Amino acid sequence: MSTDMNVTYITLNGFVEIEKYRYFYFFMMLPVYILIVCSNCTIISLIVIHKNLHEPMYIFIAGLLMNSVLFSTNIYPKLLTDLLATKQVISYQACLFQVFVFYSFSCSEFLLLAAMSYDRYVSICKPLQYAIIMRRTVVFILLGLAWIVPFSHIVVFTVVNANLELCSFTLKGIFCNNSLNYLFCAGSKALLTFGLVTLFNIAILPMLFVIFTYVKILTVVYKSCREVRRKAAQTCLPHLLVLINYSCLITYDMIIIRLESNFSKTSRFIMTLQMIMYNPLCNPIIYGLKMTEIYKHLKKLFFCLPSQIK
């Protein structure tokens with residue numbers, strides 16, 4: 001720990017041989033962050049610009065991709081700064097804020113995927129009522145709840161943790177996450193119980209809802225004609241791929257934190273990098289290639305640009 005003007009600093013001790021490989025890490029992570037921002041923002045821009053993409057499904061996709069950009073921006077700028085710094089430290093207040101943003105946007109992803117699965121359920125199982133149920137107002141309410149509900153849960157942890165006493169000042173990670181709990185002098189049973197309730201409310205319950213809606217969709221689609229099955233697969237498969245991908249990455253995070261003593265520093269470092277790289281990079285690739293209407297606009301964008309330059 002170091003203190004300056006009553007500010008407590010925490011050392012981030014998750015980097016592997018940073019003195020030797022700092023420039024390699026930096027020039028590997030910087031293009032990744034640029035690619036995440038550019039790829040996600042490109043598809044968001046296409047959805048905003050083109051009127052035929054102003055449908056609930058595409059609005060939810062734009063929300064999901066914006067979530068990825070904000071999630072990454074919470075981690076990468078500080079991470080890139082640390083890679084070039086002589087000491088990898090973060091103030092306790094900034095660490096709490098990073099934990100708050102990290103888990104708020106992580107849980108928002110599950111709620112956004114739940115909203116998207118509901119949209120697909122109404123579209124496929126109740127097509128005649130789709131325009132009535134999925135009104136613009138309903139879409140924006142669902143989008144708002146997807147961000148407000150996790151924020152309101154995670155802020156409780158942030159406020160309580162801000163008042164807990166620290167007994168250790170070295171974090172086994174490259175950014176702040178729930179490993180911060182191991183630095184406190186004493187835990188709270190009430191906080192642990194609330195944590196389990198929060199996990200169920202904003203992660204497990206939305207995941208179960210997604211599974212339930214897709215089972216209902218599969219039941220309806222199985223009885224339908226081949227064309228309906230093809231269209232259902234075309235729109236539902238990307239959402240399922242994103243859900244599976246993100247569920248695996250969140251499981252990674254839980255494994256790293258709960259079993260941190262059983263992991264070598266190198267293994268923990270590699271798994272953490274995978275967690276912050278894969279999902280923000282995969283989302284625009286999955287939706288850009290698998291969603292036909294978005295893919296059409298991407299093709300027009302990239303094939304028209306060279307001809308305009310000439």
# chains A, B, ... in the order shown; residues from 1 in each chain; ligands from 1
$ residues_around --residues "Phe175 in chain A" --least-positions-apart "4" --cutoff "9 Å" --atoms "only C-alpha atoms" --output "list of chain:residue names"
A:Leu12, A:Gly14, A:Ile75, A:Lys78, A:Leu79, A:Ile90, A:Cys95, A:Gln98, A:Val99, A:Leu171
$ write_last_selection --atoms "C-alpha atoms" --output "PDB file, in the first residue's frame"
ATOM      1  CA  LEU A  12      -2.251  -5.044  -9.363  1.00  0.00           C
ATOM      2  CA  GLY A  14      -1.609 -10.243 -11.993  1.00  0.00           C
ATOM      3  CA  ILE A  75     -10.849  -1.986 -18.623  1.00  0.00           C
ATOM      4  CA  LYS A  78      -6.307   1.626 -17.547  1.00  0.00           C
ATOM      5  CA  LEU A  79      -4.801  -1.706 -18.607  1.00  0.00           C
ATOM      6  CA  ILE A  90      -4.897   1.852  -8.751  1.00  0.00           C
ATOM      7  CA  CYS A  95     -10.875   0.148  -8.054  1.00  0.00           C
ATOM      8  CA  GLN A  98     -14.065  -0.368 -11.934  1.00  0.00           C
ATOM      9  CA  VAL A  99     -15.657  -3.300 -10.079  1.00  0.00           C
ATOM     10  CA  LEU A 171      -4.729  -7.745  -5.854  1.00  0.00           C
TER      11      LEU A 171
END
$ residues_around --residues "Val160 in chain A" --least-positions-apart "2" --cutoff "12 Å" --atoms "only C-alpha atoms" --output "PyMOL selection string"
chain A and resi 96+100+153-158+162-165+181+184+187-188+190-192+194-195
$ atom_distance --atom1 "CA of Gln274 in chain A" --atom2 "CA of Cys38 in chain A"
19.2 Å
$ atom_distance --atom1 "CA of Asp119 in chain A" --atom2 "CA of Asn52 in chain A"
16.8 Å
$ residues_around --residues "range 241-243 of chain A" --least-positions-apart "4" --cutoff "9 Å" --atoms "only C-alpha atoms" --output "mmCIF file with N, CA and C atoms, in the first residue's frame"
data_model
loop_
_atom_site.group_PDB
_atom_site.id
_atom_site.type_symbol
_atom_site.label_atom_id
_atom_site.label_comp_id
_atom_site.auth_asym_id
_atom_site.auth_seq_id
_atom_site.Cartn_x
_atom_site.Cartn_y
_atom_site.Cartn_z
ATOM 1 N N GLU A 109 -25.522 -7.635 -19.906
ATOM 2 C CA GLU A 109 -25.457 -8.502 -21.094
ATOM 3 C C GLU A 109 -26.499 -9.614 -21.014
ATOM 4 N N PHE A 110 -26.639 -10.227 -19.835
ATOM 5 C CA PHE A 110 -27.625 -11.302 -19.661
ATOM 6 C C PHE A 110 -29.045 -10.771 -19.830
ATOM 7 N N LEU A 113 -29.747 -10.051 -23.481
ATOM 8 C CA LEU A 113 -29.984 -11.313 -24.194
ATOM 9 C C LEU A 113 -31.364 -11.878 -23.864
ATOM 10 N N MET A 207 -30.816 -16.118 -17.674
ATOM 11 C CA MET A 207 -30.327 -17.241 -18.469
ATOM 12 C C MET A 207 -31.400 -18.334 -18.574
ATOM 13 N N VAL A 210 -34.030 -17.194 -20.998
ATOM 14 C CA VAL A 210 -33.570 -17.362 -22.388
ATOM 15 C C VAL A 210 -33.745 -18.821 -22.820
ATOM 16 N N CYS A 236 -32.220 -16.654 -34.512
ATOM 17 C CA CYS A 236 -32.023 -17.118 -33.129
ATOM 18 C C CYS A 236 -30.605 -17.634 -32.865
ATOM 19 N N LEU A 237 -29.979 -18.222 -33.888
ATOM 20 C CA LEU A 237 -28.653 -18.818 -33.695
ATOM 21 C C LEU A 237 -27.617 -17.808 -33.190
ATOM 22 N N SER A 247 -21.649 -16.902 -21.286
ATOM 23 C CA SER A 247 -21.798 -17.745 -20.092
ATOM 24 C C SER A 247 -20.484 -18.445 -19.747
ATOM 25 N N CYS A 248 -19.786 -18.892 -20.768
ATOM 26 C CA CYS A 248 -18.480 -19.549 -20.556
ATOM 27 C C CYS A 248 -17.470 -18.561 -19.980
ATOM 28 N N ASN A 279 -15.450 -11.914 -25.914
ATOM 29 C CA ASN A 279 -16.843 -11.515 -26.101
ATOM 30 C C ASN A 279 -17.004 -10.189 -26.846
ATOM 31 N N CYS A 282 -16.175 -11.011 -30.422
ATOM 32 C CA CYS A 282 -17.043 -11.997 -31.091
ATOM 33 C C CYS A 282 -18.418 -11.434 -31.417
ATOM 34 N N ASN A 283 -18.957 -10.582 -30.543
ATOM 35 C CA ASN A 283 -20.313 -10.057 -30.767
ATOM 36 C C ASN A 283 -20.505 -9.398 -32.133
ATOM 37 N N ILE A 286 -20.249 -12.124 -34.904
ATOM 38 C CA ILE A 286 -21.427 -13.006 -34.960
ATOM 39 C C ILE A 286 -22.609 -12.284 -35.596
#
$ closest_atom_pairs --of "range 90-167 of chain A" --to "range 212-227 of chain A" --cutoff "12 Å" --atoms "only C-alpha atoms" --output "tab-separated table"
residue	atom	partner	partner_atom	distance
A:Leu113	CA	A:Thr213	CA	11.2
A:Ala114	CA	A:Thr213	CA	8.8
A:Ala115	CA	A:Thr213	CA	10.4
A:Met116	CA	A:Thr213	CA	10.1
A:Ser117	CA	A:Thr213	CA	6.4
A:Tyr118	CA	A:Thr213	CA	6.7
A:Asp119	CA	A:Thr213	CA	9.6
A:Arg120	CA	A:Ile217	CA	8.0
A:Tyr121	CA	A:Ile217	CA	6.0
A:Val122	CA	A:Ile217	CA	9.1
A:Ser123	CA	A:Ile217	CA	9.6
A:Ile124	CA	A:Ile217	CA	6.8
A:Cys125	CA	A:Ile217	CA	6.5
A:Lys126	CA	A:Val220	CA	10.1
A:Pro127	CA	A:Val220	CA	11.8
